[in-house]
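File shown: upload.txt. Contents: compact mmCIF, N, CA and C atoms and all ligand atoms.
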# COMPACT_ATOMS: atom_id res chain seq x y z
N MET A 623 72.91 79.97 115.11
CA MET A 623 73.92 80.30 116.13
C MET A 623 74.69 81.55 115.71
N SER A 624 74.81 82.48 116.60
CA SER A 624 75.52 83.71 116.23
C SER A 624 77.03 83.46 116.24
N LYS A 625 77.68 84.08 115.32
CA LYS A 625 79.12 83.89 115.18
C LYS A 625 79.77 85.27 115.19
N ILE A 626 79.93 85.81 116.40
CA ILE A 626 80.56 87.13 116.52
C ILE A 626 82.04 86.99 116.17
N GLU A 627 82.47 87.80 115.23
CA GLU A 627 83.87 87.77 114.81
C GLU A 627 84.49 89.16 114.91
N GLN A 628 85.81 89.17 114.90
CA GLN A 628 86.55 90.43 114.77
C GLN A 628 87.38 90.36 113.50
N THR A 629 87.53 91.51 112.88
CA THR A 629 88.36 91.59 111.67
C THR A 629 89.19 92.85 111.71
N LEU A 630 90.28 92.85 110.96
CA LEU A 630 91.13 94.03 110.91
C LEU A 630 90.79 94.86 109.67
N SER A 631 90.60 96.14 109.89
CA SER A 631 90.36 97.07 108.79
C SER A 631 91.43 98.15 108.82
N ILE A 632 91.86 98.55 107.65
CA ILE A 632 92.79 99.68 107.54
C ILE A 632 92.21 100.70 106.56
N ILE A 633 92.14 101.94 106.99
CA ILE A 633 91.87 103.04 106.06
C ILE A 633 93.23 103.47 105.52
N LYS A 634 93.41 103.27 104.21
CA LYS A 634 94.74 103.40 103.59
C LYS A 634 95.10 104.87 103.34
N PRO A 635 96.38 105.13 103.02
CA PRO A 635 96.85 106.52 102.88
C PRO A 635 96.03 107.39 101.92
N ASP A 636 95.56 106.83 100.80
CA ASP A 636 94.81 107.68 99.85
C ASP A 636 93.54 108.24 100.48
N ALA A 637 92.90 107.44 101.34
CA ALA A 637 91.64 107.87 101.96
C ALA A 637 91.89 108.81 103.14
N VAL A 638 92.92 108.52 103.92
CA VAL A 638 93.25 109.41 105.05
C VAL A 638 93.64 110.78 104.51
N GLU A 639 94.42 110.76 103.43
CA GLU A 639 94.88 112.00 102.81
C GLU A 639 93.69 112.85 102.32
N ARG A 640 92.66 112.19 101.83
CA ARG A 640 91.47 112.91 101.34
C ARG A 640 90.45 113.18 102.46
N LYS A 641 90.86 112.93 103.70
CA LYS A 641 90.03 113.20 104.87
C LYS A 641 88.71 112.43 104.86
N LEU A 642 88.79 111.15 104.45
CA LEU A 642 87.59 110.31 104.35
C LEU A 642 87.41 109.41 105.56
N GLU A 643 88.27 109.58 106.56
CA GLU A 643 88.24 108.71 107.74
C GLU A 643 86.84 108.69 108.38
N GLY A 644 86.28 109.87 108.60
CA GLY A 644 84.98 109.96 109.27
C GLY A 644 83.87 109.30 108.46
N GLU A 645 83.86 109.56 107.15
CA GLU A 645 82.80 108.99 106.30
C GLU A 645 82.90 107.47 106.22
N ILE A 646 84.12 106.97 106.15
CA ILE A 646 84.28 105.51 106.06
C ILE A 646 83.90 104.85 107.38
N LYS A 647 84.26 105.46 108.49
CA LYS A 647 83.86 104.91 109.80
C LYS A 647 82.34 104.91 109.93
N GLU A 648 81.67 105.95 109.42
CA GLU A 648 80.19 105.98 109.44
C GLU A 648 79.63 104.80 108.67
N MET A 649 80.24 104.47 107.52
CA MET A 649 79.76 103.33 106.74
C MET A 649 79.88 102.04 107.55
N PHE A 650 80.98 101.88 108.28
CA PHE A 650 81.10 100.68 109.13
C PHE A 650 80.00 100.67 110.19
N LYS A 651 79.83 101.79 110.86
CA LYS A 651 78.84 101.84 111.96
C LYS A 651 77.43 101.64 111.41
N ASN A 652 77.12 102.26 110.27
CA ASN A 652 75.78 102.10 109.68
C ASN A 652 75.50 100.67 109.25
N ASN A 653 76.57 99.90 109.04
CA ASN A 653 76.41 98.49 108.66
C ASN A 653 76.56 97.56 109.86
N GLY A 654 76.48 98.10 111.06
CA GLY A 654 76.41 97.27 112.26
C GLY A 654 77.74 96.88 112.87
N PHE A 655 78.83 97.41 112.34
CA PHE A 655 80.12 97.10 112.93
C PHE A 655 80.37 97.98 114.16
N VAL A 656 80.97 97.36 115.16
CA VAL A 656 81.44 98.13 116.33
C VAL A 656 82.95 98.28 116.18
N ILE A 657 83.42 99.51 116.31
CA ILE A 657 84.86 99.75 116.24
C ILE A 657 85.43 99.55 117.65
N LEU A 658 86.04 98.39 117.88
CA LEU A 658 86.51 98.04 119.22
C LEU A 658 87.81 98.76 119.57
N LYS A 659 88.66 98.88 118.58
CA LYS A 659 89.96 99.54 118.78
C LYS A 659 90.29 100.32 117.52
N GLU A 660 91.00 101.40 117.68
CA GLU A 660 91.46 102.12 116.50
C GLU A 660 92.66 102.98 116.85
N LYS A 661 93.52 103.17 115.88
CA LYS A 661 94.64 104.10 116.06
C LYS A 661 95.09 104.60 114.70
N LYS A 662 95.53 105.86 114.70
CA LYS A 662 96.09 106.43 113.47
C LYS A 662 97.60 106.42 113.62
N ILE A 663 98.26 105.77 112.66
CA ILE A 663 99.71 105.60 112.74
C ILE A 663 100.32 105.74 111.34
N GLN A 664 101.62 105.88 111.29
CA GLN A 664 102.33 105.69 110.02
C GLN A 664 103.35 104.60 110.25
N ILE A 665 103.39 103.62 109.34
CA ILE A 665 104.31 102.50 109.54
C ILE A 665 105.54 102.65 108.63
N GLU A 666 106.60 101.97 109.02
CA GLU A 666 107.83 101.94 108.21
C GLU A 666 107.65 100.92 107.09
N LYS A 667 108.44 101.09 106.04
CA LYS A 667 108.32 100.16 104.91
C LYS A 667 108.56 98.70 105.34
N ASN A 668 109.52 98.48 106.24
CA ASN A 668 109.79 97.09 106.64
C ASN A 668 108.61 96.46 107.39
N GLU A 669 107.81 97.30 108.05
CA GLU A 669 106.60 96.77 108.70
C GLU A 669 105.53 96.44 107.65
N ALA A 670 105.42 97.29 106.63
CA ALA A 670 104.48 97.01 105.54
C ALA A 670 104.87 95.71 104.84
N GLU A 671 106.17 95.50 104.68
CA GLU A 671 106.65 94.26 104.04
C GLU A 671 106.25 93.03 104.86
N LYS A 672 106.31 93.17 106.18
CA LYS A 672 105.90 92.05 107.05
C LYS A 672 104.40 91.82 106.93
N PHE A 673 103.65 92.93 106.97
CA PHE A 673 102.19 92.82 106.93
C PHE A 673 101.71 92.17 105.63
N TYR A 674 102.34 92.51 104.52
CA TYR A 674 101.92 92.01 103.20
C TYR A 674 102.80 90.86 102.71
N LYS A 675 103.46 90.17 103.64
CA LYS A 675 104.40 89.09 103.27
C LYS A 675 103.79 88.07 102.32
N VAL A 676 102.50 87.79 102.50
CA VAL A 676 101.80 86.82 101.64
C VAL A 676 101.90 87.21 100.16
N HIS A 677 102.12 88.49 99.90
CA HIS A 677 102.18 88.97 98.51
C HIS A 677 103.61 89.17 98.01
N GLU A 678 104.60 88.65 98.75
CA GLU A 678 105.99 89.04 98.43
C GLU A 678 106.45 88.62 97.04
N ALA A 679 105.83 87.60 96.48
CA ALA A 679 106.23 87.16 95.13
C ALA A 679 105.52 87.93 94.01
N LYS A 680 104.56 88.76 94.39
CA LYS A 680 103.75 89.44 93.37
C LYS A 680 104.50 90.64 92.78
N PRO A 681 104.23 90.96 91.53
CA PRO A 681 104.93 92.08 90.90
C PRO A 681 104.62 93.43 91.56
N PHE A 682 103.48 93.52 92.23
CA PHE A 682 103.09 94.81 92.83
C PHE A 682 103.56 94.96 94.28
N TYR A 683 104.29 93.95 94.80
CA TYR A 683 104.64 93.93 96.22
C TYR A 683 105.43 95.17 96.68
N ASN A 684 106.46 95.52 95.92
CA ASN A 684 107.30 96.64 96.35
C ASN A 684 106.51 97.95 96.37
N ASP A 685 105.78 98.21 95.30
CA ASP A 685 104.95 99.44 95.24
C ASP A 685 103.90 99.45 96.35
N LEU A 686 103.32 98.29 96.61
CA LEU A 686 102.30 98.17 97.64
C LEU A 686 102.86 98.54 99.02
N CYS A 687 104.07 98.06 99.29
CA CYS A 687 104.69 98.34 100.60
C CYS A 687 105.14 99.80 100.70
N ASP A 688 105.64 100.35 99.58
CA ASP A 688 105.95 101.79 99.55
C ASP A 688 104.68 102.59 99.86
N TYR A 689 103.62 102.18 99.21
CA TYR A 689 102.35 102.91 99.33
C TYR A 689 101.79 102.85 100.76
N LEU A 690 101.72 101.66 101.34
CA LEU A 690 101.10 101.54 102.68
C LEU A 690 101.89 102.31 103.73
N SER A 691 103.18 102.50 103.47
CA SER A 691 104.02 103.23 104.43
C SER A 691 104.21 104.70 104.03
N SER A 692 103.46 105.16 103.03
CA SER A 692 103.70 106.51 102.48
C SER A 692 103.02 107.63 103.27
N GLY A 693 102.11 107.29 104.16
CA GLY A 693 101.40 108.32 104.91
C GLY A 693 100.58 107.69 106.02
N PRO A 694 99.89 108.52 106.81
CA PRO A 694 99.11 107.99 107.93
C PRO A 694 98.01 107.03 107.47
N ILE A 695 97.77 106.03 108.29
CA ILE A 695 96.68 105.07 108.08
C ILE A 695 95.88 104.98 109.38
N VAL A 696 94.63 104.53 109.27
CA VAL A 696 93.84 104.28 110.47
C VAL A 696 93.58 102.77 110.54
N VAL A 697 94.06 102.17 111.62
CA VAL A 697 93.93 100.72 111.80
C VAL A 697 92.85 100.47 112.83
N MET A 698 91.91 99.57 112.51
CA MET A 698 90.76 99.33 113.40
C MET A 698 90.48 97.84 113.58
N VAL A 699 89.98 97.49 114.76
CA VAL A 699 89.39 96.17 114.97
C VAL A 699 87.88 96.36 114.92
N LEU A 700 87.25 95.68 113.95
CA LEU A 700 85.80 95.76 113.79
C LEU A 700 85.16 94.48 114.28
N GLU A 701 84.00 94.61 114.93
CA GLU A 701 83.31 93.43 115.43
C GLU A 701 81.85 93.43 115.04
N LYS A 702 81.37 92.30 114.59
CA LYS A 702 79.94 92.01 114.45
C LYS A 702 79.78 90.55 114.06
N GLU A 703 78.57 90.09 113.85
CA GLU A 703 78.37 88.72 113.38
C GLU A 703 78.97 88.58 111.99
N ASN A 704 79.69 87.51 111.77
CA ASN A 704 80.33 87.26 110.46
C ASN A 704 81.09 88.48 109.94
N ALA A 705 81.86 89.09 110.82
CA ALA A 705 82.52 90.36 110.48
C ALA A 705 83.50 90.25 109.31
N VAL A 706 84.17 89.11 109.19
CA VAL A 706 85.20 89.00 108.14
C VAL A 706 84.56 89.11 106.76
N LEU A 707 83.57 88.28 106.51
CA LEU A 707 82.90 88.30 105.21
C LEU A 707 82.09 89.58 105.03
N GLY A 708 81.46 90.02 106.11
CA GLY A 708 80.66 91.25 106.05
C GLY A 708 81.52 92.44 105.65
N ASN A 709 82.72 92.50 106.19
CA ASN A 709 83.62 93.61 105.83
C ASN A 709 84.10 93.48 104.40
N ARG A 710 84.41 92.28 103.97
CA ARG A 710 84.83 92.09 102.57
C ARG A 710 83.70 92.54 101.63
N ASN A 711 82.48 92.21 101.98
CA ASN A 711 81.34 92.62 101.14
C ASN A 711 81.16 94.13 101.13
N LEU A 712 81.32 94.75 102.29
CA LEU A 712 81.16 96.21 102.38
C LEU A 712 82.30 96.93 101.65
N MET A 713 83.50 96.35 101.69
CA MET A 713 84.64 96.95 100.99
C MET A 713 84.45 96.93 99.48
N GLY A 714 84.00 95.82 98.95
CA GLY A 714 83.88 95.64 97.51
C GLY A 714 85.15 95.08 96.89
N ALA A 715 85.10 94.87 95.58
CA ALA A 715 86.20 94.22 94.86
C ALA A 715 87.50 95.02 94.98
N THR A 716 88.62 94.30 94.89
CA THR A 716 89.95 94.92 95.00
C THR A 716 90.11 96.08 94.02
N ASN A 717 89.66 95.87 92.79
CA ASN A 717 89.71 96.95 91.80
C ASN A 717 88.40 97.75 91.87
N PRO A 718 88.48 99.01 92.27
CA PRO A 718 87.26 99.83 92.41
C PRO A 718 86.37 99.82 91.17
N LYS A 719 86.98 99.61 90.01
CA LYS A 719 86.20 99.55 88.76
C LYS A 719 85.21 98.39 88.77
N ASP A 720 85.58 97.32 89.50
CA ASP A 720 84.72 96.13 89.56
C ASP A 720 83.82 96.12 90.79
N ALA A 721 83.99 97.10 91.66
CA ALA A 721 83.25 97.10 92.94
C ALA A 721 81.80 97.50 92.72
N LYS A 722 80.93 96.84 93.49
CA LYS A 722 79.49 97.10 93.35
C LYS A 722 79.08 98.42 93.99
N GLU A 723 77.99 98.95 93.51
CA GLU A 723 77.36 100.15 94.07
C GLU A 723 77.16 99.95 95.57
N GLY A 724 77.44 100.98 96.35
CA GLY A 724 77.20 100.89 97.80
C GLY A 724 78.40 100.40 98.58
N THR A 725 79.46 99.98 97.88
CA THR A 725 80.65 99.52 98.60
C THR A 725 81.63 100.69 98.81
N ILE A 726 82.52 100.50 99.77
CA ILE A 726 83.48 101.57 100.09
C ILE A 726 84.40 101.84 98.91
N ARG A 727 84.88 100.76 98.28
CA ARG A 727 85.82 100.95 97.18
C ARG A 727 85.15 101.57 95.95
N LYS A 728 83.88 101.24 95.73
CA LYS A 728 83.15 101.88 94.62
C LYS A 728 83.04 103.38 94.87
N LYS A 729 82.73 103.71 96.14
CA LYS A 729 82.48 105.10 96.48
C LYS A 729 83.76 105.93 96.53
N TYR A 730 84.82 105.33 97.09
CA TYR A 730 86.00 106.14 97.39
C TYR A 730 87.29 105.69 96.69
N GLY A 731 87.35 104.45 96.22
CA GLY A 731 88.59 103.94 95.63
C GLY A 731 88.96 104.70 94.37
N ILE A 732 90.27 104.88 94.17
CA ILE A 732 90.77 105.62 93.01
C ILE A 732 91.24 104.65 91.92
N SER A 733 91.89 103.58 92.35
CA SER A 733 92.50 102.63 91.42
C SER A 733 92.78 101.33 92.18
N ILE A 734 93.26 100.31 91.45
CA ILE A 734 93.48 99.01 92.12
C ILE A 734 94.50 99.13 93.25
N ASP A 735 95.44 100.03 93.13
CA ASP A 735 96.41 100.17 94.24
C ASP A 735 95.92 101.16 95.30
N LYS A 736 95.30 102.23 94.86
CA LYS A 736 94.76 103.20 95.83
C LYS A 736 93.28 102.92 96.04
N ASN A 737 93.02 101.82 96.74
CA ASN A 737 91.63 101.37 96.87
C ASN A 737 91.07 101.59 98.28
N SER A 738 91.66 102.49 99.01
CA SER A 738 91.09 103.12 100.22
C SER A 738 91.02 102.28 101.49
N VAL A 739 90.80 100.97 101.36
CA VAL A 739 90.67 100.15 102.57
C VAL A 739 91.31 98.77 102.41
N HIS A 740 91.73 98.23 103.54
CA HIS A 740 92.16 96.83 103.64
C HIS A 740 91.19 96.12 104.58
N GLY A 741 90.95 94.86 104.32
CA GLY A 741 90.18 94.03 105.25
C GLY A 741 90.70 92.60 105.25
N SER A 742 90.76 91.99 106.43
CA SER A 742 91.23 90.60 106.53
C SER A 742 90.37 89.70 105.65
N ASP A 743 91.00 88.63 105.11
CA ASP A 743 90.26 87.75 104.19
C ASP A 743 89.81 86.43 104.80
N SER A 744 90.15 86.19 106.08
CA SER A 744 89.68 84.97 106.76
C SER A 744 89.75 85.22 108.27
N VAL A 745 89.04 84.39 109.01
CA VAL A 745 89.06 84.53 110.47
C VAL A 745 90.48 84.32 111.00
N GLU A 746 91.14 83.34 110.43
CA GLU A 746 92.52 83.03 110.84
C GLU A 746 93.44 84.22 110.58
N ASN A 747 93.37 84.78 109.38
CA ASN A 747 94.22 85.94 109.07
C ASN A 747 93.82 87.17 109.88
N ALA A 748 92.54 87.29 110.20
CA ALA A 748 92.09 88.42 111.03
C ALA A 748 92.81 88.38 112.37
N LYS A 749 92.92 87.21 112.97
CA LYS A 749 93.60 87.08 114.28
C LYS A 749 95.06 87.49 114.15
N ILE A 750 95.70 87.03 113.08
CA ILE A 750 97.12 87.35 112.86
C ILE A 750 97.30 88.85 112.65
N GLU A 751 96.40 89.45 111.85
CA GLU A 751 96.53 90.87 111.52
C GLU A 751 96.18 91.77 112.72
N ILE A 752 95.21 91.36 113.53
CA ILE A 752 94.87 92.13 114.73
C ILE A 752 96.07 92.10 115.69
N ASP A 753 96.64 90.93 115.82
CA ASP A 753 97.83 90.77 116.65
C ASP A 753 98.99 91.64 116.16
N PHE A 754 99.13 91.70 114.85
CA PHE A 754 100.22 92.47 114.24
C PHE A 754 100.17 93.93 114.69
N PHE A 755 98.97 94.49 114.74
CA PHE A 755 98.86 95.92 115.05
C PHE A 755 98.52 96.23 116.51
N PHE A 756 97.93 95.27 117.21
CA PHE A 756 97.42 95.61 118.54
C PHE A 756 97.96 94.73 119.67
N SER A 757 99.11 94.10 119.46
CA SER A 757 99.62 93.26 120.55
C SER A 757 100.76 93.94 121.29
N ASN A 758 100.70 95.27 121.37
CA ASN A 758 101.72 96.07 122.08
C ASN A 758 103.14 95.72 121.62
N1 LIG B 1 97.17 95.39 94.61
C1 LIG B 1 97.79 96.10 93.59
N2 LIG B 1 97.78 95.59 92.33
C2 LIG B 1 97.18 94.41 92.02
C3 LIG B 1 96.55 93.69 93.06
C4 LIG B 1 96.56 94.21 94.34
O1 LIG B 1 98.33 97.17 93.84
O2 LIG B 1 97.20 93.99 90.85
C5 LIG B 1 97.18 95.94 95.97
C6 LIG B 1 95.83 96.51 96.39
O3 LIG B 1 96.07 97.68 97.15
C7 LIG B 1 95.24 95.43 97.24
C8 LIG B 1 96.48 94.86 97.91
O4 LIG B 1 97.48 94.90 96.90
O5 LIG B 1 94.29 95.94 98.14
C9 LIG B 1 96.36 93.44 98.41
O6 LIG B 1 95.90 92.61 97.36
P1 LIG B 1 94.76 91.54 97.60
O7 LIG B 1 94.72 90.68 96.39
O8 LIG B 1 94.97 90.88 98.91
O9 LIG B 1 93.43 92.43 97.60
P2 LIG B 1 92.44 92.82 98.81
O10 LIG B 1 92.42 91.67 99.77
O11 LIG B 1 92.97 94.09 99.42
O12 LIG B 1 91.12 93.04 98.13
MG MG B 2 93.94 90.62 100.67
Could you render the structure as C-alpha cells?
Ligand code: UDP
Ligand code: MG
Amino acid sequence: MSKIEQTLSIIKPDAVERKLEGEIKEMFKNNGFVILKEKKIQIEKNEAEKFYKVHEAKPFYNDLCDYLSSGPIVVMVLEKENAVLGNRNLMGATNPKDAKEGTIRKKYGISIDKNSVHGSDSVENAKIEIDFFFSN
C-alpha cells in the first residue's frame, strides 16, 4: 500500500548564504520528492524559539535559535511515498562528520550546528511544522 506523506524541509542560513538552494532542491527532485510549496523568508528569533521548542532545555538551544533567525531560509513542503523517513535518510546524520556519502549533510554541511538542512522527524511533527510555516 502506498503511503504518500508530506514533510517539512528547511534549507538553513549556511546553505542559503553559500547559494546552495538550487543544488539542494535538485537533490530532492532527483530523489523523487515533489516540492509542493516553498518560500524564502527570514524569521525572528522568537519564531525560531517556537519552532525549536522541543529543544528548549538543550545547551545549544539559544545558539540554535540565533542561528536559524540569522539569515534567509528556504522552507518547503516535500511530498513522496514515505517522505518523512526518506528525507531523513537523504539529509544524513545531524553531525555532517557522521553523515553517509551521498547525503545532503555529507556534501554540504559544515558542522553540527551549520548542517544545511532541517527535516521533520515524524509524520505527526511534519503536520505541526508544515502548519507552523504554511497556515497563513
Ligand atoms: N544542534 C546543535 N548542536 C547539537 C545538536 C544539534 O547545534 O549538539 C542543532 C543542529 O543544527 C540540529 C538542530 O540543533 O540540526 C536540531 O537538533 P536535532 O537533534 O533535532 O537534529 P536534526 O533533527 O536536525 O538532525
Ligand atoms: Mg530534529
- request: Rank nothing, just name the residue among A:Asn711, A:Thr725, A:Thr716, A:Ser738 nearest to A:Leu690, using only C-alpha atoms.
  value: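 Once distances to A:Leu690 are computed over only C-alpha atoms, the minimum belongs to A:Ser738.
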- prompt: Running DSSP on the backbone, which parts of stretch 640-740 of chain A land in alpha helix (DSSP H), as a PyMOL selection string?
  reply: chain A and resi 643-652+667-673+683-690+705-713+726-730
Would you compute an axis-aligned box for stretch 647-659 of chain A, covering every atom listed for it in the file with 3 Å of margin on each side, and report centre and edge lengths in Å to one decimal as JSON?
{"center_x": 82.9, "center_y": 101.4, "center_z": 113.2, "size_x": 20.8, "size_y": 15.1, "size_z": 18.8}
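The two atoms in question, atom CA of A:Ile750 and atom CA of A:Lys719, are spaced 29.1 Å apart.
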task: To one decimal in Å, tell me the separation between atom C of A:Ala637 and atom N of A:Gly714.
output: 15.8 Å
message: I'd like the neighbourhood of A:Cys687 as a PyMOL selection string, where a residue qualifies if any of its atoms comes within 7 Å (using only N, CA and C atoms), though same-chain residues fewer than 3 positions away should be ignored.
response: chain A and resi 666-667+670-671+682-684+690-692
Residues just named, written with N, CA and C atoms as a PDB file, in the coordinates of the input:
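The resulting out23.pdb:
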ATOM      1  N   GLU A 666     106.600 101.970 109.020  1.00  0.00           N
ATOM      2  CA  GLU A 666     107.830 101.940 108.210  1.00  0.00           C
ATOM      3  C   GLU A 666     107.650 100.920 107.090  1.00  0.00           C
ATOM      4  N   LYS A 667     108.440 101.090 106.040  1.00  0.00           N
ATOM      5  CA  LYS A 667     108.320 100.160 104.910  1.00  0.00           C
ATOM      6  C   LYS A 667     108.560  98.700 105.340  1.00  0.00           C
ATOM      7  N   ALA A 670     105.420  97.290 106.630  1.00  0.00           N
ATOM      8  CA  ALA A 670     104.480  97.010 105.540  1.00  0.00           C
ATOM      9  C   ALA A 670     104.870  95.710 104.840  1.00  0.00           C
ATOM     10  N   GLU A 671     106.170  95.500 104.680  1.00  0.00           N
ATOM     11  CA  GLU A 671     106.650  94.260 104.040  1.00  0.00           C
ATOM     12  C   GLU A 671     106.250  93.030 104.860  1.00  0.00           C
ATOM     13  N   PHE A 682     103.480  93.520  92.230  1.00  0.00           N
ATOM     14  CA  PHE A 682     103.090  94.810  92.830  1.00  0.00           C
ATOM     15  C   PHE A 682     103.560  94.960  94.280  1.00  0.00           C
ATOM     16  N   TYR A 683     104.290  93.950  94.800  1.00  0.00           N
ATOM     17  CA  TYR A 683     104.640  93.930  96.220  1.00  0.00           C
ATOM     18  C   TYR A 683     105.430  95.170  96.680  1.00  0.00           C
ATOM     19  N   ASN A 684     106.460  95.520  95.920  1.00  0.00           N
ATOM     20  CA  ASN A 684     107.300  96.640  96.350  1.00  0.00           C
ATOM     21  C   ASN A 684     106.510  97.950  96.370  1.00  0.00           C
ATOM     22  N   LEU A 690     101.720 101.660 101.340  1.00  0.00           N
ATOM     23  CA  LEU A 690     101.100 101.540 102.680  1.00  0.00           C
ATOM     24  C   LEU A 690     101.890 102.310 103.730  1.00  0.00           C
ATOM     25  N   SER A 691     103.180 102.500 103.470  1.00  0.00           N
ATOM     26  CA  SER A 691     104.020 103.230 104.430  1.00  0.00           C
ATOM     27  C   SER A 691     104.210 104.700 104.030  1.00  0.00           C
ATOM     28  N   SER A 692     103.460 105.160 103.030  1.00  0.00           N
ATOM     29  CA  SER A 692     103.700 106.510 102.480  1.00  0.00           C
ATOM     30  C   SER A 692     103.020 107.630 103.270  1.00  0.00           C
TER      31      SER A 692
END
message: Between A:Val706, A:Tyr689, A:Lys749, A:Val696, which residue has the minimum interatomic distance to A:Glu643, considering all atoms listed in the file?
response: A:Val696
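Nearest residue to ligand LIG 1 (chain B) among A:Ile726, A:Leu686, A:Ala721, A:Ala679 is A:Leu686, counting all atoms listed in the file.
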message: Please find the residues contacting ligand LIG 1 (chain B) at a distance of at most 8 Å between atoms, with only N, CA and C atoms and all ligand atoms counted, and report them as a ChimeraX atom specification.
response: /A:674,676-677,681-683,685-687,710,713-717,733-743
A:Asn653 environment, 10 Å, only C-alpha atoms, sequence neighbours closer than 3 positions dropped, as number ranges by chain: A: 647-650, 656, 702, 708-709, 712
- prompt: Can you tell me how far atom CA of A:Pro694 sits from atom C of A:Gly654, in Å to one decimal?
  reply: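 Result for atom CA of A:Pro694 versus atom C of A:Gly654: 24.6 Å, one decimal.
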message: Taking all atoms listed in the file into account, name the residue in A:Ile695, A:Arg640, A:Ile657, A:Ser744 that is nearest to ligand MG 2 (chain B).
response: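 Distance minimum relative to ligand MG 2 (chain B) lands on A:Ser744.
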What parts of chain A does DSSP call strand (DSSP E or B)? I'd like the answer as a CSV table (one decimal) with N, CA and C atoms, in the frame of the given file.
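That gives us states22.csv:
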chain,number,residue,atom,x,y,z
A,626,ILE,N,79.9,85.8,116.4
A,626,ILE,CA,80.6,87.1,116.5
A,626,ILE,C,82.0,87.0,116.2
A,627,GLU,N,82.5,87.8,115.2
A,627,GLU,CA,83.9,87.8,114.8
A,627,GLU,C,84.5,89.2,114.9
A,628,GLN,N,85.8,89.2,114.9
A,628,GLN,CA,86.6,90.4,114.8
A,628,GLN,C,87.4,90.4,113.5
A,629,THR,N,87.5,91.5,112.9
A,629,THR,CA,88.4,91.6,111.7
A,629,THR,C,89.2,92.8,111.7
A,630,LEU,N,90.3,92.8,111.0
A,630,LEU,CA,91.1,94.0,110.9
A,630,LEU,C,90.8,94.9,109.7
A,631,SER,N,90.6,96.1,109.9
A,631,SER,CA,90.4,97.1,108.8
A,631,SER,C,91.4,98.2,108.8
A,632,ILE,N,91.9,98.6,107.6
A,632,ILE,CA,92.8,99.7,107.5
A,632,ILE,C,92.2,100.7,106.6
A,633,ILE,N,92.1,101.9,107.0
A,633,ILE,CA,91.9,103.0,106.1
A,633,ILE,C,93.2,103.5,105.5
A,656,VAL,N,81.0,97.4,115.2
A,656,VAL,CA,81.4,98.1,116.3
A,656,VAL,C,83.0,98.3,116.2
A,657,ILE,N,83.4,99.5,116.3
A,657,ILE,CA,84.9,99.8,116.2
A,657,ILE,C,85.4,99.6,117.6
A,658,LEU,N,86.0,98.4,117.9
A,658,LEU,CA,86.5,98.0,119.2
A,658,LEU,C,87.8,98.8,119.6
A,659,LYS,N,88.7,98.9,118.6
A,659,LYS,CA,90.0,99.5,118.8
A,659,LYS,C,90.3,100.3,117.5
A,660,GLU,N,91.0,101.4,117.7
A,660,GLU,CA,91.5,102.1,116.5
A,660,GLU,C,92.7,103.0,116.8
A,661,LYS,N,93.5,103.2,115.9
A,661,LYS,CA,94.6,104.1,116.1
A,661,LYS,C,95.1,104.6,114.7
A,662,LYS,N,95.5,105.9,114.7
A,662,LYS,CA,96.1,106.4,113.5
A,662,LYS,C,97.6,106.4,113.6
A,663,ILE,N,98.3,105.8,112.7
A,663,ILE,CA,99.7,105.6,112.7
A,663,ILE,C,100.3,105.7,111.3
A,695,ILE,N,97.8,106.0,108.3
A,695,ILE,CA,96.7,105.1,108.1
A,695,ILE,C,95.9,105.0,109.4
A,696,VAL,N,94.6,104.5,109.3
A,696,VAL,CA,93.8,104.3,110.5
A,696,VAL,C,93.6,102.8,110.5
A,697,VAL,N,94.1,102.2,111.6
A,697,VAL,CA,93.9,100.7,111.8
A,697,VAL,C,92.8,100.5,112.8
A,698,MET,N,91.9,99.6,112.5
A,698,MET,CA,90.8,99.3,113.4
A,698,MET,C,90.5,97.8,113.6
A,699,VAL,N,90.0,97.5,114.8
A,699,VAL,CA,89.4,96.2,115.0
A,699,VAL,C,87.9,96.4,114.9
A,700,LEU,N,87.2,95.7,114.0
A,700,LEU,CA,85.8,95.8,113.8
A,700,LEU,C,85.2,94.5,114.3
A,701,GLU,N,84.0,94.6,114.9
A,701,GLU,CA,83.3,93.4,115.4
A,701,GLU,C,81.8,93.4,115.0
A,702,LYS,N,81.4,92.3,114.6
A,702,LYS,CA,79.9,92.0,114.4
A,702,LYS,C,79.8,90.6,114.1
A,703,GLU,N,78.6,90.1,113.8
A,703,GLU,CA,78.4,88.7,113.4
A,703,GLU,C,79.0,88.6,112.0
A,739,VAL,N,90.8,101.0,101.4
A,739,VAL,CA,90.7,100.2,102.6
A,739,VAL,C,91.3,98.8,102.4
A,740,HIS,N,91.7,98.2,103.5
A,740,HIS,CA,92.2,96.8,103.6
A,740,HIS,C,91.2,96.1,104.6
A,741,GLY,N,91.0,94.9,104.3
A,741,GLY,CA,90.2,94.0,105.2
A,741,GLY,C,90.7,92.6,105.2
query: Contacts of A:Phe755 at 12 Å or less, counting only C-alpha atoms, minus same-chain residues fewer than 3 places along, as a list of chain:residue names?
result: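 Near A:Phe755, the qualifying residues are A:Thr629, A:Leu630, A:Ser631, A:Ile632, A:Lys659, A:Glu660, A:Lys661, A:Lys662, A:Ile663, A:Gln664, A:Ile665, A:Glu669, A:Ala670, A:Lys672, A:Phe673, A:Ile695, A:Val696, A:Val697, A:Met698, A:Val699, A:Ala748, A:Lys749, A:Ile750, A:Glu751, A:Ile752, A:Asn758.
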- prompt: Looking at A:Asn704, A:Gly731, A:Phe655, A:Ile633, which one is nearest to A:Pro718, with distances taken over only N, CA and C atoms?
  reply: A:Gly731
